[in-house]
Amino acid sequence: MYELLTMGRISVDVYPDDIGVGLEDVTTFRKYLGGSPSNVAVAAAKYGHKTSVITSVGNDPFGVFLRRELHRYGSDDANVLVDDSLQTCVTFCAIKPPEDFPLYFYGRFPTAPDLQITKEQVDTEAVKKARIFWTTLTGLCQDPAREAQLHAHASRPREELAEGQHTILDLDYRPMFWENPQDATAAAKESLKYATIAIGNREECATAVGDGTPDEQADRLLEAGVKIAVVKMGANGLMAKTATERIVSAPVPVETANGLGAGDSFGGAFTHGIISGWPLQQVLDFANAAGAIVASQIACSEAMPSESEVKALLEERGRGF
């Protein structure tokens with residue numbers, strides 16, 4: 001049984017050694033494992049959890065690299081399919097701190113291996129048994145992956161989940177993967193029928209449940225049936241709501257080197273706290289700090305912190321457990 005099973009995007013992330021310039025001026029690059037659900041699985045594995053990701057790569061050297069990297073980070077690759085007809089996706093990023101990190105996706109248009117996963121290829125027994133099942137809005141942008149992801153969700157209705165089991169929907173809306181925002185909204189509403197936890201920033205929550213204040217958005221997510229609604233509020237930190245609690249976690253200031261992996265680090269740390277049974281305030285503070293650590297590094301997957309590193313940062317900021 002997996003403590004965390006994720007589903008969706010995987011890619012080779014290619015980051016420049018030359019910081020502060022456009023890709024046209026970069027001379028050397030480094031490659032890393034990437035893709036949000038894959039990074040979340042890696043982050044949780046760093047905390048000692050048994051994780052895996054349902055995804056697909058091409059039958060090529062980059063596909064070999066990604067499977068090898070999952071092994072190296074301690075995440076099981078048994079659910080990684082190999083597509084003989086498509087190439088493994090590659091994502092380039094320019095690094096222009098503190099706020100400019102443009103992404104360039106290759107091998108995702110018109111489709112990608114992880115968007116061609118069919119429902120017959122999903123191990124629904126593994127999905128049913130997983131302590132936490134994590135999916136993303138991006139995974140719903142195209143069939144057959146959309147059908148496969150909803151099929152996986154249907155195999156574990158939230159009313160049948162055991163105590164301690166959760167289904168998490170990451171509302172990672174990326175406009176370039178959708179024909180129009182209305183399709184993304186419809187997909188989010190369908191997936192929220194199965195989620196017990198939803199996580200997103202203000203814009204992502206607006207796509208799922210409409211614009212409004214963070215409290216209004218969280219309330220709408222709770223009305224959709226989730227038990228915990230997490231709204232990322234940028235410079236104002238994080239807010240989580242349940243039927244009985246409203247909790248805010250203040251930002252953890254760091255010098256940003258690359259903001260792209262912070263959300264994935266947050267996700268892996270958040271699942272670690274939930275699996276560990278921590279109080280929600282503690283979960284949020286820990287995940288917040290984990291995201292800050294990765295934001296201060298260039299790499300994403302390679303920079304995922306250990307529990308001791310996260311706790312050390314919180315102690316340094318006077319926010320120890």
# chains A, B, ... in the order shown; residues from 1 in each chain; ligands from 1

call {"tool": "residues_around", "arguments": {"residues": "Leu314 of chain A", "least_positions_apart": "4", "cutoff": "10 Å", "atoms": "only C-alpha atoms", "output": "PyMOL selection string"}}
result
chain A and resi 252+285-286+288-290+308-310+318-321

call {"tool": "write_last_selection", "arguments": {"atoms": "C-alpha atoms", "output": "short mmCIF file (atom, residue, chain, number, x, y, z; two decimals), in the first residue's frame"}}
result
data_model
loop_
_atom_site.label_atom_id
_atom_site.label_comp_id
_atom_site.auth_asym_id
_atom_site.auth_seq_id
_atom_site.Cartn_x
_atom_site.Cartn_y
_atom_site.Cartn_z
CA VAL A 252 8.49 32.27 5.65
CA ASP A 285 3.58 25.91 8.96
CA PHE A 286 5.75 22.92 8.04
CA ASN A 288 5.01 26.63 4.16
CA ALA A 289 8.64 26.38 5.29
CA ALA A 290 9.32 23.43 2.99
CA SER A 308 15.16 18.17 9.98
CA GLU A 309 15.96 20.91 7.44
CA VAL A 310 12.39 22.22 7.52
CA GLY A 318 11.11 31.54 15.77
CA ARG A 319 8.27 29.27 14.66
CA GLY A 320 9.42 25.92 15.99
CA PHE A 321 6.98 23.13 16.79
#

call {"tool": "select_by_dssp", "arguments": {"residues": "segment 29-126 of chain A", "states": "strand (DSSP E)", "output": "list in words"}}
result
Phe29, Arg30, Lys31, Tyr32, Leu33, Gly34, Thr51, Ser52, Val53, Ile54, Thr55, Ser56, Val57, Gly58, Val80, Leu81, Val82, Asp83, Val90, Thr91, Phe92, Cys93, Leu103, Tyr104, Phe105 and Tyr106 of chain A

call {"tool": "closest_atom_pairs", "arguments": {"of": "segment 220-260 of chain A", "to": "segment 186-200 of chain A", "cutoff": "10 Å", "atoms": "only C-alpha atoms", "output": "JSON lines"}}
result
{"residue": "A:Leu221", "atom": "CA", "partner": "A:Ala198", "partner_atom": "CA", "distance": 7.3}
{"residue": "A:Leu222", "atom": "CA", "partner": "A:Ala198", "partner_atom": "CA", "distance": 9.0}
{"residue": "A:Ala224", "atom": "CA", "partner": "A:Leu192", "partner_atom": "CA", "distance": 6.5}
{"residue": "A:Gly225", "atom": "CA", "partner": "A:Lys193", "partner_atom": "CA", "distance": 6.8}
{"residue": "A:Val226", "atom": "CA", "partner": "A:Thr196", "partner_atom": "CA", "distance": 4.1}
{"residue": "A:Lys227", "atom": "CA", "partner": "A:Thr196", "partner_atom": "CA", "distance": 5.1}
{"residue": "A:Ile228", "atom": "CA", "partner": "A:Ile197", "partner_atom": "CA", "distance": 4.8}
{"residue": "A:Ala229", "atom": "CA", "partner": "A:Ala198", "partner_atom": "CA", "distance": 5.2}
{"residue": "A:Val230", "atom": "CA", "partner": "A:Ile199", "partner_atom": "CA", "distance": 4.7}
{"residue": "A:Val231", "atom": "CA", "partner": "A:Gly200", "partner_atom": "CA", "distance": 5.4}
{"residue": "A:Lys232", "atom": "CA", "partner": "A:Gly200", "partner_atom": "CA", "distance": 6.0}
{"residue": "A:Met233", "atom": "CA", "partner": "A:Gly200", "partner_atom": "CA", "distance": 9.1}
{"residue": "A:Leu238", "atom": "CA", "partner": "A:Gly200", "partner_atom": "CA", "distance": 9.9}
{"residue": "A:Ala240", "atom": "CA", "partner": "A:Ile199", "partner_atom": "CA", "distance": 9.0}
{"residue": "A:Thr242", "atom": "CA", "partner": "A:Ile197", "partner_atom": "CA", "distance": 9.6}

call {"tool": "write_last_selection", "arguments": {"atoms": "C-alpha atoms", "output": "mmCIF file, in the first residue's frame"}}
result
data_model
loop_
_atom_site.group_PDB
_atom_site.id
_atom_site.type_symbol
_atom_site.label_atom_id
_atom_site.label_comp_id
_atom_site.auth_asym_id
_atom_site.auth_seq_id
_atom_site.Cartn_x
_atom_site.Cartn_y
_atom_site.Cartn_z
ATOM 1 C CA LEU A 221 -14.670 24.484 -1.717
ATOM 2 C CA LEU A 222 -16.113 23.234 1.575
ATOM 3 C CA ALA A 224 -18.332 21.276 -2.779
ATOM 4 C CA GLY A 225 -17.652 18.571 -0.204
ATOM 5 C CA VAL A 226 -13.968 18.816 0.714
ATOM 6 C CA LYS A 227 -12.978 18.529 4.374
ATOM 7 C CA ILE A 228 -9.992 20.872 4.138
ATOM 8 C CA ALA A 229 -9.738 23.850 1.777
ATOM 9 C CA VAL A 230 -6.285 25.422 1.412
ATOM 10 C CA VAL A 231 -5.983 28.817 -0.267
ATOM 11 C CA LYS A 232 -2.522 30.204 -1.010
ATOM 12 C CA MET A 233 -2.584 33.968 -0.542
ATOM 13 C CA LEU A 238 -1.672 30.459 3.513
ATOM 14 C CA ALA A 240 -6.904 26.622 5.515
ATOM 15 C CA THR A 242 -12.460 23.134 7.752
#

call {"tool": "atom_distance", "arguments": {"atom1": "atom CA of Glu203 of chain A", "atom2": "atom CA of Gly35 of chain A"}}
result
19.9 Å

call {"tool": "residues_around", "arguments": {"residues": "segment 84-91 of chain A", "least_positions_apart": "6", "cutoff": "9 Å", "atoms": "only C-alpha atoms", "output": "list in words"}}
result
Ile10, Ser11, Val12, Asp13, Val14, Tyr15, Gly34, Gly35, Ser56, Val57, Gly58, Asn59, Asp60, Pro61, Phe62, Gly63, Leu103, Tyr104, Phe105, Tyr106, Gly107, Arg108, Thr111, Ala112 and Pro113 of chain A

call {"tool": "atom_distance", "arguments": {"atom1": "atom CA of Phe92 of chain A", "atom2": "atom CA of Leu33 of chain A"}}
result
11.9 Å

call {"tool": "closest_atom_pairs", "arguments": {"of": "segment 106-139 of chain A", "to": "segment 147-164 of chain A", "cutoff": "6 Å", "atoms": "only C-alpha atoms", "output": "tab-separated table"}}
result
residue	atom	partner	partner_atom	distance
A:Thr118	CA	A:Ala148	CA	5.2
A:Lys119	CA	A:Ala148	CA	3.9
A:Thr124	CA	A:Ala152	CA	6.0
A:Lys128	CA	A:Arg156	CA	5.3

call {"tool": "closest_residue", "arguments": {"among": "A:Lys31, A:Arg72, A:Arg9, A:Arg67", "to": "Ala45 of chain A", "atoms": "only C-alpha atoms"}}
result
A:Arg72

call {"tool": "atom_distance", "arguments": {"atom1": "atom CA of Pro144 of chain A", "atom2": "atom CA of Val82 of chain A"}}
result
15.5 Å
